[in-house]
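Dumped coords_0.tsv below, it's TSV, C-alpha atoms:
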chain	number	residue	atom	x	y	z
R	1	MET	CA	76.98	42.59	-100.74
R	2	ARG	CA	76.72	46.20	-101.83
R	3	VAL	CA	77.71	48.86	-99.35
R	4	PHE	CA	76.86	52.53	-99.76
R	5	VAL	CA	78.56	55.20	-97.67
R	6	LEU	CA	77.42	58.82	-97.56
R	7	GLN	CA	79.53	61.54	-96.02
R	8	ALA	CA	76.82	64.00	-94.97
R	9	HIS	CA	78.68	67.19	-94.15
R	10	LYS	CA	75.91	69.20	-92.54
R	11	ALA	CA	73.45	66.51	-91.47
R	12	SER	CA	72.25	67.00	-87.93
R	13	THR	CA	73.71	64.95	-85.10
R	14	SER	CA	70.99	66.04	-82.69
R	15	PRO	CA	67.24	65.45	-83.09
R	16	PHE	CA	65.80	67.59	-85.90
R	17	SER	CA	62.35	68.54	-87.16
R	18	LEU	CA	60.75	66.01	-89.50
R	19	ASN	CA	58.89	68.95	-91.06
R	20	ASP	CA	62.11	70.60	-92.18
R	21	LEU	CA	64.62	68.00	-93.33
R	22	PRO	CA	66.57	70.37	-95.62
R	23	GLY	CA	66.95	73.14	-93.01
R	24	SER	CA	66.69	71.79	-89.47
R	25	GLY	CA	68.05	68.41	-90.60
R	26	GLY	CA	71.04	69.85	-92.48
R	27	ARG	CA	69.97	68.37	-95.83
R	28	MET	CA	68.66	65.25	-94.13
R	29	ASP	CA	66.41	64.95	-97.23
R	30	ILE	CA	69.51	64.00	-99.24
R	31	VAL	CA	70.47	61.45	-96.60
R	32	ALA	CA	66.97	59.95	-96.61
R	33	ARG	CA	66.78	59.63	-100.39
R	34	PHE	CA	70.23	58.07	-100.40
R	35	VAL	CA	69.17	55.40	-97.90
R	36	SER	CA	65.91	54.80	-99.75
R	37	SER	CA	67.58	54.39	-103.15
R	38	ALA	CA	70.10	51.97	-101.69
R	39	LEU	CA	67.53	49.75	-99.99
R	40	PHE	CA	64.29	49.71	-101.92
R	41	VAL	CA	63.00	48.22	-105.11
R	42	SER	CA	59.30	48.23	-105.96
R	43	HIS	CA	57.43	46.30	-103.25
R	44	GLY	CA	60.60	45.02	-101.65
R	45	ILE	CA	63.96	45.50	-100.03
R	46	ARG	CA	67.31	44.49	-101.47
R	47	LYS	CA	68.64	42.09	-98.89
R	48	ASP	CA	72.31	42.31	-99.86
R	49	VAL	CA	72.78	45.98	-98.99
R	50	MET	CA	74.39	47.88	-96.14
R	51	VAL	CA	74.20	51.65	-95.84
R	52	TYR	CA	76.37	53.93	-93.71
R	53	VAL	CA	75.49	57.59	-93.31
R	54	ILE	CA	78.05	59.67	-91.48
R	55	LEU	CA	76.42	62.70	-89.93
R	56	ASN	CA	78.77	65.64	-89.43
R	57	GLY	CA	76.45	68.53	-88.60
R	58	PRO	CA	75.73	70.13	-85.23
R	59	GLU	CA	75.58	69.58	-82.34
R	60	ASP	CA	77.62	66.48	-81.57
R	61	PRO	CA	79.51	65.15	-84.63
R	62	PRO	CA	80.43	62.69	-85.91
R	63	LYS	CA	77.82	59.96	-85.67
R	64	THR	CA	77.26	57.08	-88.06
R	65	VAL	CA	73.89	55.50	-88.69
R	66	ARG	CA	74.04	52.08	-90.33
R	67	PHE	CA	71.15	50.32	-92.07
R	68	ASP	CA	71.51	46.56	-92.44
R	69	ALA	CA	68.95	45.39	-95.00
R	70	ARG	CA	69.06	41.80	-93.78
R	71	LYS	CA	67.55	42.80	-90.43
R	72	LEU	CA	65.55	45.86	-91.42
R	73	LYS	CA	61.91	46.27	-90.37
R	74	TYR	CA	59.38	49.10	-90.27
R	75	VAL	CA	61.27	51.29	-92.78
R	76	SER	CA	59.45	52.57	-95.85
R	77	PRO	CA	60.90	54.49	-98.78
R	78	ASP	CA	59.52	57.98	-98.15
R	79	GLU	CA	61.94	60.63	-96.88
R	80	ARG	CA	60.03	61.31	-93.69
R	81	ASN	CA	59.97	57.67	-92.65
R	82	VAL	CA	63.69	57.12	-93.27
R	83	ALA	CA	64.48	60.38	-91.49
R	84	SER	CA	62.32	59.36	-88.53
R	85	HIS	CA	64.49	56.26	-88.07
R	86	ILE	CA	67.62	58.44	-88.09
R	87	ARG	CA	66.01	60.85	-85.65
R	88	ASN	CA	65.07	57.94	-83.39
R	89	ALA	CA	68.65	56.68	-83.54
R	90	LEU	CA	69.93	60.12	-82.51
R	91	LEU	CA	67.47	60.21	-79.61
R	92	ARG	CA	68.66	56.83	-78.32
R	93	PHE	CA	72.36	57.38	-78.98
R	94	LYS	CA	74.75	56.32	-76.22
R	95	ASP	CA	78.42	57.10	-76.48
R	96	ASN	CA	79.33	53.50	-75.93
R	97	GLY	CA	79.91	51.39	-79.05
R	98	GLU	CA	77.28	50.67	-81.68
R	99	ILE	CA	73.69	50.16	-80.56
R	100	GLU	CA	70.62	48.96	-82.48
R	101	THR	CA	67.84	51.53	-82.16
R	102	SER	CA	65.22	49.79	-84.31
R	103	PRO	CA	65.44	46.49	-86.22
R	104	GLY	CA	68.34	46.84	-88.67
R	105	VAL	CA	69.18	50.44	-87.72
R	106	PHE	CA	72.35	51.12	-85.71
R	107	ILE	CA	74.14	54.20	-84.41
R	108	SER	CA	77.67	54.73	-83.18
R	109	ARG	CA	80.31	57.38	-82.61
R	110	ARG	CA	82.21	56.74	-85.82
R	111	GLY	CA	83.55	59.24	-88.30
R	112	PHE	CA	84.50	59.01	-91.97
R	113	GLU	CA	87.90	57.38	-91.47
R	114	ASP	CA	86.57	54.89	-88.89
R	115	VAL	CA	83.98	53.64	-91.39
R	116	LEU	CA	86.41	53.36	-94.29
R	117	ARG	CA	89.03	51.62	-92.17
R	118	GLU	CA	86.48	49.01	-91.13
R	119	LEU	CA	85.13	48.46	-94.65
R	120	LYS	CA	88.62	48.17	-96.12
R	121	ASN	CA	88.99	44.75	-94.46
R	122	SER	CA	86.14	43.22	-96.43
R	123	PHE	CA	85.32	45.29	-99.49
R	124	ARG	CA	86.74	46.83	-102.61
R	125	ILE	CA	86.28	50.55	-102.00
R	126	TYR	CA	85.04	52.77	-104.82
R	127	TRP	CA	85.36	56.53	-104.44
R	128	LEU	CA	82.74	58.27	-106.55
R	129	ASP	CA	84.12	61.42	-108.11
R	130	GLU	CA	83.49	63.21	-111.37
R	131	GLY	CA	87.24	63.27	-111.95
R	132	GLY	CA	87.53	59.49	-111.65
R	133	ARG	CA	87.80	56.83	-114.35
R	134	ASP	CA	84.67	56.40	-116.37
R	135	VAL	CA	82.61	53.52	-115.03
R	136	GLU	CA	81.91	52.11	-118.48
R	137	GLU	CA	85.62	51.92	-119.11
R	138	CYS	CA	86.74	50.40	-115.83
R	139	GLY	CA	83.69	48.31	-114.90
R	140	LEU	CA	82.21	47.69	-111.49
R	141	SER	CA	82.00	44.86	-109.04
R	142	GLU	CA	80.20	44.45	-105.74
R	143	GLY	CA	81.93	46.59	-103.15
R	144	ALA	CA	81.66	49.68	-100.98
R	145	PHE	CA	80.72	52.90	-102.79
R	146	VAL	CA	81.65	56.14	-101.06
R	147	LEU	CA	79.81	59.34	-101.94
R	148	SER	CA	79.45	62.87	-100.69
R	149	ASP	CA	76.25	64.85	-100.21
R	150	HIS	CA	75.74	68.28	-101.82
R	151	ILE	CA	79.17	69.44	-100.61
R	152	ASN	CA	82.41	68.19	-102.15
R	153	PHE	CA	84.81	66.10	-100.13
R	154	THR	CA	87.18	68.31	-98.15
R	155	GLU	CA	90.96	68.13	-98.49
R	156	ASP	CA	91.19	66.07	-95.30
R	157	GLU	CA	88.56	63.66	-96.56
R	158	ILE	CA	90.37	63.33	-99.88
R	159	LYS	CA	93.52	62.31	-97.99
R	160	ILE	CA	91.50	59.60	-96.23
R	161	LEU	CA	90.02	58.46	-99.53
R	162	GLU	CA	93.46	58.32	-101.11
R	163	LYS	CA	94.51	56.04	-98.28
R	164	TYR	CA	91.59	53.62	-98.38
R	165	ALA	CA	89.96	53.70	-101.82
R	166	ASP	CA	90.86	51.08	-104.43
R	167	GLU	CA	89.46	53.01	-107.35
R	168	LYS	CA	88.16	56.50	-108.12
R	169	ILE	CA	85.29	56.22	-110.57
R	170	SER	CA	82.96	58.59	-112.39
R	171	LEU	CA	79.42	57.96	-113.59
R	172	GLY	CA	79.64	60.67	-116.25
R	173	ARG	CA	80.17	64.32	-116.83
R	174	ILE	CA	76.95	65.50	-115.17
R	175	SER	CA	77.13	66.05	-111.42
R	176	MET	CA	74.25	64.11	-109.92
R	177	HIS	CA	72.57	63.80	-106.56
R	178	ALA	CA	73.99	61.05	-104.36
R	179	ASP	CA	70.74	59.03	-104.45
R	180	HIS	CA	70.73	59.07	-108.25
R	181	CYS	CA	74.30	57.75	-108.25
R	182	VAL	CA	73.19	54.89	-106.01
R	183	THR	CA	70.35	54.01	-108.39
R	184	ILE	CA	72.75	53.93	-111.33
R	185	ILE	CA	75.28	51.78	-109.46
R	186	HIS	CA	72.53	49.28	-108.66
R	187	TYR	CA	71.43	49.34	-112.29
R	188	LEU	CA	74.93	48.71	-113.63
R	189	LEU	CA	75.56	45.90	-111.16
R	190	ASP	CA	72.14	44.33	-111.75
R	191	ARG	CA	72.86	44.51	-115.47
R	192	GLY	CA	75.65	42.05	-115.34
R	193	THR	CA	78.92	42.98	-113.83
R	194	ALA	CA	77.68	41.72	-110.48
R	195	ILE	CA	79.02	38.35	-109.40
R	196	SER	CA	75.71	37.10	-108.04
R	197	PRO	CA	72.15	38.31	-108.59
R	198	PRO	CA	70.68	40.42	-105.79
R	199	THR	CA	68.43	38.86	-103.21
R	200	ILE	CA	65.18	40.72	-102.82
R	201	SER	CA	62.62	40.17	-100.11
R	202	HIS	CA	59.13	41.12	-101.09
R	203	SER	CA	57.14	42.82	-98.40
R	204	PRO	CA	53.53	44.01	-98.40
R	205	LYS	CA	54.81	47.56	-97.99
R	206	GLU	CA	55.88	49.32	-101.17
E	1	MET	CA	63.17	67.43	-124.73
E	2	ARG	CA	62.52	64.60	-122.29
E	3	VAL	CA	58.99	64.13	-121.02
E	4	PHE	CA	58.11	61.97	-118.05
E	5	VAL	CA	54.52	60.93	-117.36
E	6	LEU	CA	53.40	59.27	-114.14
E	7	GLN	CA	49.99	57.65	-113.80
E	8	ALA	CA	49.45	58.01	-110.04
E	9	HIS	CA	46.52	55.75	-109.26
E	10	LYS	CA	45.75	56.78	-105.70
E	11	ALA	CA	47.34	60.23	-105.49
E	12	SER	CA	45.06	62.75	-103.88
E	13	THR	CA	43.13	65.22	-106.02
E	14	SER	CA	42.18	67.30	-103.01
E	15	PRO	CA	44.58	69.06	-100.61
E	16	PHE	CA	46.44	66.55	-98.43
E	17	SER	CA	48.64	66.68	-95.35
E	18	LEU	CA	52.30	67.43	-96.04
E	19	ASN	CA	53.08	65.42	-92.90
E	20	ASP	CA	51.63	62.24	-94.36
E	21	LEU	CA	52.41	61.99	-98.07
E	22	PRO	CA	52.14	58.18	-98.26
E	23	GLY	CA	48.77	58.01	-96.47
E	24	SER	CA	46.82	61.24	-96.76
E	25	GLY	CA	48.51	62.01	-100.10
E	26	GLY	CA	47.84	58.56	-101.62
E	27	ARG	CA	51.52	57.77	-102.14
E	28	MET	CA	52.26	61.38	-103.00
E	29	ASP	CA	55.82	60.55	-101.83
E	30	ILE	CA	56.24	58.45	-104.99
E	31	VAL	CA	54.92	61.33	-107.10
E	32	ALA	CA	57.29	63.80	-105.43
E	33	ARG	CA	60.37	61.62	-105.91
E	34	PHE	CA	59.38	61.05	-109.53
E	35	VAL	CA	59.20	64.80	-110.18
E	36	SER	CA	62.44	65.40	-108.32
E	37	SER	CA	64.36	62.72	-110.22
E	38	ALA	CA	63.11	64.05	-113.54
E	39	LEU	CA	64.06	67.68	-112.86
E	40	PHE	CA	67.12	67.86	-110.66
E	41	VAL	CA	70.81	67.29	-111.00
E	42	SER	CA	73.25	68.36	-108.31
E	43	HIS	CA	72.98	72.13	-107.87
E	44	GLY	CA	70.80	72.57	-110.91
E	45	ILE	CA	67.71	71.82	-112.96
E	46	ARG	CA	67.61	70.02	-116.29
E	47	LYS	CA	66.06	72.62	-118.56
E	48	ASP	CA	64.91	70.23	-121.29
E	49	VAL	CA	62.40	68.32	-119.16
E	50	MET	CA	58.64	68.31	-118.82
E	51	VAL	CA	56.85	66.25	-116.19
E	52	TYR	CA	53.18	65.25	-116.10
E	53	VAL	CA	51.68	63.64	-113.03
E	54	ILE	CA	48.14	62.42	-113.41
E	55	LEU	CA	46.42	62.26	-110.05
E	56	ASN	CA	43.60	59.74	-109.84
E	57	GLY	CA	42.85	59.50	-106.13
E	58	PRO	CA	39.95	61.02	-104.18
E	59	GLU	CA	38.08	63.32	-104.12
E	60	ASP	CA	37.90	64.82	-107.58
E	61	PRO	CA	39.86	62.82	-110.21
E	62	PRO	CA	41.46	63.11	-112.63
E	63	LYS	CA	43.74	66.13	-112.42
E	64	THR	CA	47.08	66.60	-114.13
E	65	VAL	CA	49.91	68.65	-112.68
E	66	ARG	CA	52.57	69.62	-115.20
E	67	PHE	CA	56.09	70.86	-114.36
E	68	ASP	CA	57.84	72.78	-117.11
E	69	ALA	CA	61.54	72.97	-116.23
E	70	ARG	CA	62.14	75.95	-118.52
E	71	LYS	CA	59.93	78.17	-116.36
E	72	LEU	CA	60.32	76.52	-112.99
E	73	LYS	CA	61.12	78.55	-109.87
E	74	TYR	CA	61.02	77.97	-106.12
E	75	VAL	CA	61.02	74.16	-106.37
E	76	SER	CA	63.65	72.19	-104.50
E	77	PRO	CA	64.30	68.44	-104.66
E	78	ASP	CA	62.97	67.31	-101.28
E	79	GLU	CA	59.66	65.43	-101.24
E	80	ARG	CA	57.90	67.91	-99.02
E	81	ASN	CA	58.75	70.87	-101.24
E	82	VAL	CA	57.63	69.18	-104.46
E	83	ALA	CA	54.46	67.96	-102.73
E	84	SER	CA	53.76	71.47	-101.45
E	85	HIS	CA	53.71	72.72	-105.06
E	86	ILE	CA	51.23	69.98	-106.00
E	87	ARG	CA	49.11	70.80	-102.95
E	88	ASN	CA	49.17	74.48	-103.89
E	89	ALA	CA	48.07	73.59	-107.42
E	90	LEU	CA	45.16	71.56	-106.03
E	91	LEU	CA	44.14	74.48	-103.81
E	92	ARG	CA	44.09	76.87	-106.78
E	93	PHE	CA	42.53	74.47	-109.27
E	94	LYS	CA	39.75	75.87	-111.45
E	95	ASP	CA	37.79	73.57	-113.74
E	96	ASN	CA	38.54	75.78	-116.72
E	97	GLY	CA	41.53	74.82	-118.85
E	98	GLU	CA	45.11	74.70	-117.62
E	99	ILE	CA	46.26	77.31	-115.13
E	100	GLU	CA	49.73	78.18	-113.81
E	101	THR	CA	49.72	78.02	-110.02
E	102	SER	CA	53.40	78.86	-109.41
E	103	PRO	CA	56.19	79.55	-111.93
E	104	GLY	CA	56.44	76.48	-114.13
E	105	VAL	CA	53.71	74.49	-112.34
E	106	PHE	CA	50.36	73.98	-114.06
E	107	ILE	CA	47.14	72.13	-113.26
E	108	SER	CA	44.26	71.04	-115.42
E	109	ARG	CA	41.37	68.60	-115.64
E	110	ARG	CA	43.11	66.07	-117.82
E	111	GLY	CA	43.24	62.32	-117.49
E	112	PHE	CA	45.64	59.67	-118.74
E	113	GLU	CA	44.32	59.49	-122.31
E	114	ASP	CA	44.13	63.30	-122.66
E	115	VAL	CA	47.82	63.60	-121.79
E	116	LEU	CA	48.95	60.80	-124.10
E	117	ARG	CA	46.85	62.09	-126.99
E	118	GLU	CA	48.46	65.50	-126.65
E	119	LEU	CA	52.01	64.17	-126.37
E	120	LYS	CA	51.53	61.85	-129.34
E	121	ASN	CA	51.61	64.88	-131.66
E	122	SER	CA	55.16	65.81	-130.73
E	123	PHE	CA	56.96	62.90	-129.09
E	124	ARG	CA	57.91	59.29	-129.48
E	125	ILE	CA	56.05	57.59	-126.66
E	126	TYR	CA	57.78	54.93	-124.58
E	127	TRP	CA	55.68	52.71	-122.34
E	128	LEU	CA	57.78	51.43	-119.45
E	129	ASP	CA	56.88	47.84	-118.62
E	130	GLU	CA	58.86	44.89	-117.32
E	131	GLY	CA	57.44	42.83	-120.19
E	132	GLY	CA	58.74	45.23	-122.84
E	133	ARG	CA	61.80	44.99	-125.05
E	134	ASP	CA	65.05	45.33	-123.20
E	135	VAL	CA	66.31	48.89	-123.37
E	136	GLU	CA	69.87	47.84	-124.12
E	137	GLU	CA	68.63	45.90	-127.11
E	138	CYS	CA	66.27	48.49	-128.60
E	139	GLY	CA	68.00	51.73	-127.57
E	140	LEU	CA	66.42	54.97	-126.48
E	141	SER	CA	65.93	58.41	-127.93
E	142	GLU	CA	64.52	61.60	-126.48
E	143	GLY	CA	60.78	61.21	-126.09
E	144	ALA	CA	57.94	60.82	-123.63
E	145	PHE	CA	58.32	58.08	-121.04
E	146	VAL	CA	55.14	56.77	-119.43
E	147	LEU	CA	55.29	55.04	-116.07
E	148	SER	CA	52.96	53.82	-113.38
E	149	ASP	CA	53.29	54.32	-109.63
E	150	HIS	CA	53.24	51.39	-107.18
E	151	ILE	CA	50.13	49.94	-108.88
E	152	ASN	CA	50.26	48.28	-112.29
E	153	PHE	CA	48.48	49.84	-115.25
E	154	THR	CA	44.83	48.72	-115.37
E	155	GLU	CA	43.34	46.94	-118.38
E	156	ASP	CA	41.73	50.18	-119.55
E	157	GLU	CA	45.05	52.02	-119.27
E	158	ILE	CA	46.80	49.25	-121.20
E	159	LYS	CA	44.29	49.72	-124.03
E	160	ILE	CA	45.15	53.45	-124.09
E	161	LEU	CA	48.86	52.65	-124.07
E	162	GLU	CA	48.43	50.18	-126.93
E	163	LYS	CA	46.80	52.97	-128.89
E	164	TYR	CA	49.38	55.70	-128.27
E	165	ALA	CA	52.71	54.12	-127.36
E	166	ASP	CA	55.38	53.65	-130.01
E	167	GLU	CA	57.41	51.19	-128.02
E	168	LYS	CA	57.09	49.10	-124.87
E	169	ILE	CA	60.47	48.94	-123.15
E	170	SER	CA	61.93	47.34	-120.05
E	171	LEU	CA	64.84	48.49	-117.91
E	172	GLY	CA	65.53	44.99	-116.62
E	173	ARG	CA	64.12	42.12	-114.69
E	174	ILE	CA	63.90	43.89	-111.33
E	175	SER	CA	60.76	45.91	-110.71
E	176	MET	CA	61.92	49.37	-109.63
E	177	HIS	CA	60.35	52.49	-108.21
E	178	ALA	CA	59.21	54.98	-110.83
E	179	ASP	CA	61.76	57.61	-109.73
E	180	HIS	CA	64.60	55.11	-110.08
E	181	CYS	CA	63.44	54.35	-113.63
E	182	VAL	CA	63.56	58.06	-114.41
E	183	THR	CA	67.13	58.32	-113.11
E	184	ILE	CA	68.19	55.39	-115.28
E	185	ILE	CA	66.50	56.82	-118.39
E	186	HIS	CA	68.35	60.10	-117.87
E	187	TYR	CA	71.58	58.19	-117.39
E	188	LEU	CA	71.15	56.16	-120.56
E	189	LEU	CA	70.23	59.22	-122.61
E	190	ASP	CA	73.05	61.31	-121.12
E	191	ARG	CA	75.40	58.46	-121.95
E	192	GLY	CA	75.01	58.84	-125.64
E	193	THR	CA	71.88	57.72	-127.32
E	194	ALA	CA	70.49	61.23	-126.89
E	195	ILE	CA	70.49	63.41	-129.98
E	196	SER	CA	71.62	66.55	-128.15
E	197	PRO	CA	73.27	67.04	-124.76
E	198	PRO	CA	71.00	68.20	-121.95
E	199	THR	CA	70.84	71.86	-121.01
E	200	ILE	CA	71.34	72.42	-117.32
E	201	SER	CA	70.79	75.65	-115.47
E	202	HIS	CA	72.82	75.99	-112.33
E	203	SER	CA	71.02	77.53	-109.42
E	204	PRO	CA	72.27	78.37	-105.96
E	205	LYS	CA	69.77	75.87	-104.56
E	206	GLU	CA	70.90	72.27	-104.57
What does this structure look like when you write it as structure tokens?
Amino acid sequence: MRVFVLQAHKASTSPFSLNDLPGSGGRMDIVARFVSSALFVSHGIRKDVMVYVILNGPEDPPKTVRFDARKLKYVSPDERNVASHIRNALLRFKDNGEIETSPGVFISRRGFEDVLRELKNSFRIYWLDEGGRDVEECGLSEGAFVLSDHINFTEDEIKILEKYADEKISLGRISMHADHCVTIIHYLLDRGTAISPPTISHSPKE
Amino acid sequence: MRVFVLQAHKASTSPFSLNDLPGSGGRMDIVARFVSSALFVSHGIRKDVMVYVILNGPEDPPKTVRFDARKLKYVSPDERNVASHIRNALLRFKDNGEIETSPGVFISRRGFEDVLRELKNSFRIYWLDEGGRDVEECGLSEGAFVLSDHINFTEDEIKILEKYADEKISLGRISMHADHCVTIIHYLLDRGTAISPPTISHSPKE
């Protein structure tokens, strides 16, 4: 199982316009590409993936949307479609545990530390940071990969990461978009450090 | 210089709806993510990149939109923004050579073979194909990388590729989206097989 966690600092926690993901959505375009890169291969979905996006923007933060690839339906890789599932989750949000708002898409009142605390029980936690150990030196295994959006982790978030992360790793000296980091992590794991090959379900939708 | 070429089989050659890139645009979402992955790093643009997208969908194919990173302005990495620049190019198209429709964005009446013939003069041409030689076996250098969208290259296109490509390479056994392939090519080149490090211009826009 590969888990990808995005701390989205400005991403809207109330319904936003699908015609303005960067502005009205608080860089919801970054969130959408992150989810898409984690889940999709050509003509299929990676079945062994879980994605958490922690929305921290206005008007009611924090909220966490979780995508479980094993149960996912009706999601396609374009930004607008992924964002529409997040928007739908926000519309149906109830402040009462985690609820499933469409097949494989869940929303809850969880923040950054809640998510990491939960994942810590089951996964090796990798903190992606340009100041970390080089990935080609330290290697990778299946686990939970924690990234930030276009804004660096805050001091408070760094304290949480220091508490829960097993390893701070870097993918190189160039600062990349979160979705590109996800693609590279998949590539490196697919290439051979993964314990088991990924399971992919092929769907008629690309 | 890194050049990325996408043969977009169904992508619209007439103005399309920005609210329906997969449908009305003929999988223009794939085209947009491809362009975005080629050009953008976090908070900046890779200055040593050129992107060609060859649109072959209705109603007036083929048309080629070229993004020259050295001159590019006003483009941001979200799908809708990139697609809006392609739509603008289609609106301003004149069947009379290549014209610049916004800073760094050009359109012309060129098809797949026209683009490859032109690139052949200056670049080593890599044909991306799952049946090619494994990239970690044959290595990579700066060059022109030719990919297809969600539809495989046709027999006619394969004949053109056989004529112009220097090498047929594979990124692995999993069939990936074109934009993910671009991200991995950048990663591998950044990692050290590149002759010179990439030039990145940092802009206030992410």
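Taking atom CA of E:Lys71 and atom CA of E:Thr183 as the two end points, the separation is 21.4 Å.
Here atom CA of E:Ala89 and atom CA of E:Phe145 stand 23.0 Å from one another.
Candidate residues R:Pro61, R:Gly132, R:Pro22, R:Gly111 were compared for distance to chain E, and the nearest is R:Pro22, using all atoms listed in the file.
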Original post:
Mind listing as number ranges by chain which residues of chain R are within 10 Å of chain E, counting all atoms listed in the file?
Top reply: R: 18-22, 27-30, 32-33, 37, 40-44, 76-81, 136, 149-151, 171-188, 190-191, 198, 200, 206
**OP:** Fewer than 3 positions away in the same chain doesn't count, so skip those; otherwise give me all residues within 10 Å of R:Lys163, counting all atoms listed in the file, as a PyMOL selection string.
**Re:** chain R and resi 113+116-117+157-160+166
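Using only C-alpha atoms, the shortest contact distance between R:Asp114 and any of R:Gly192, R:Gly57, R:Pro62, R:Pro15 is found at R:Pro62.
Compared by their closest atoms to R:Ala11, and using all atoms listed in the file, the residues R:Lys120, R:Lys73, R:Ser148, R:Asp95 rank with R:Ser148 nearest.
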Subject >> Nearby residues (all atoms listed in the file) at most 7 Å from R:Gln7, same-chain spacing under 6 positions excluded, as number ranges by chain >> reply: R: 53-55, 112, 147-149
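You will find atom CA of E:Glu98 at 18.6 Å from atom CA of E:Ser84.
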Original post:
Taking into account only C-alpha atoms, which residue in the set E:Thr101, E:Asp68, E:Gly139, E:Asn121 is nearest to E:Val3?
Top reply: E:Asp68
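Polymer residues near (68.5, 51.1, -92.5): counting all atoms listed in the file with a cut-off of 6 Å, they are Phe67, Asp68, Gly104 and Val105 of chain R.
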For the selection just defined, write its residues with C-alpha atoms to a file, as a PDB file, in the coordinates of the input.
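Contents of part.pdb, as written:
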ATOM      1  CA  PHE R  67      71.150  50.320 -92.070  1.00  0.00           C
ATOM      2  CA  ASP R  68      71.510  46.560 -92.440  1.00  0.00           C
ATOM      3  CA  GLY R 104      68.340  46.840 -88.670  1.00  0.00           C
ATOM      4  CA  VAL R 105      69.180  50.440 -87.720  1.00  0.00           C
TER       5      VAL R 105
END
Would you fill the gaps in stretch 174-185 of chain E so it has N, CA, C and O atoms, then print it as an mmCIF file, in the frame of the given file?
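New file part.cif:
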data_model
loop_
_atom_site.group_PDB
_atom_site.id
_atom_site.type_symbol
_atom_site.label_atom_id
_atom_site.label_comp_id
_atom_site.auth_asym_id
_atom_site.auth_seq_id
_atom_site.Cartn_x
_atom_site.Cartn_y
_atom_site.Cartn_z
ATOM 1 N N ILE E 174 64.294 43.503 -112.686
ATOM 2 C CA ILE E 174 63.900 43.890 -111.330
ATOM 3 C C ILE E 174 62.897 45.030 -111.397
ATOM 4 O O ILE E 174 63.133 46.025 -112.076
ATOM 5 N N SER E 175 61.782 44.873 -110.711
ATOM 6 C CA SER E 175 60.760 45.910 -110.710
ATOM 7 C C SER E 175 61.211 47.054 -109.791
ATOM 8 O O SER E 175 61.429 46.863 -108.601
ATOM 9 N N MET E 176 61.366 48.233 -110.383
ATOM 10 C CA MET E 176 61.920 49.370 -109.630
ATOM 11 C C MET E 176 60.884 50.443 -109.381
ATOM 12 O O MET E 176 59.870 50.521 -110.065
ATOM 13 N N HIS E 177 61.177 51.306 -108.435
ATOM 14 C CA HIS E 177 60.350 52.490 -108.210
ATOM 15 C C HIS E 177 60.405 53.391 -109.446
ATOM 16 O O HIS E 177 61.435 53.460 -110.137
ATOM 17 N N ALA E 178 59.313 54.118 -109.653
ATOM 18 C CA ALA E 178 59.210 54.980 -110.830
ATOM 19 C C ALA E 178 60.347 56.013 -110.874
ATOM 20 O O ALA E 178 60.911 56.281 -111.937
ATOM 21 N N ASP E 179 60.699 56.589 -109.726
ATOM 22 C CA ASP E 179 61.760 57.610 -109.730
ATOM 23 C C ASP E 179 63.117 57.007 -110.087
ATOM 24 O O ASP E 179 63.950 57.658 -110.721
ATOM 25 N N HIS E 180 63.336 55.755 -109.712
ATOM 26 C CA HIS E 180 64.600 55.110 -110.080
ATOM 27 C C HIS E 180 64.644 54.870 -111.588
ATOM 28 O O HIS E 180 65.699 55.029 -112.212
ATOM 29 N N CYS E 181 63.498 54.522 -112.156
ATOM 30 C CA CYS E 181 63.440 54.350 -113.630
ATOM 31 C C CYS E 181 63.791 55.661 -114.328
ATOM 32 O O CYS E 181 64.519 55.672 -115.328
ATOM 33 N N VAL E 182 63.276 56.752 -113.814
ATOM 34 C CA VAL E 182 63.560 58.060 -114.410
ATOM 35 C C VAL E 182 65.060 58.355 -114.386
ATOM 36 O O VAL E 182 65.655 58.791 -115.385
ATOM 37 N N THR E 183 65.684 58.095 -113.249
ATOM 38 C CA THR E 183 67.130 58.320 -113.110
ATOM 39 C C THR E 183 67.903 57.503 -114.142
ATOM 40 O O THR E 183 68.865 57.990 -114.755
ATOM 41 N N ILE E 184 67.489 56.268 -114.334
ATOM 42 C CA ILE E 184 68.190 55.390 -115.280
ATOM 43 C C ILE E 184 67.969 55.859 -116.720
ATOM 44 O O ILE E 184 68.898 55.843 -117.538
ATOM 45 N N ILE E 185 66.775 56.292 -117.038
ATOM 46 C CA ILE E 185 66.500 56.820 -118.390
ATOM 47 C C ILE E 185 67.390 58.037 -118.662
ATOM 48 O O ILE E 185 68.022 58.137 -119.717
#
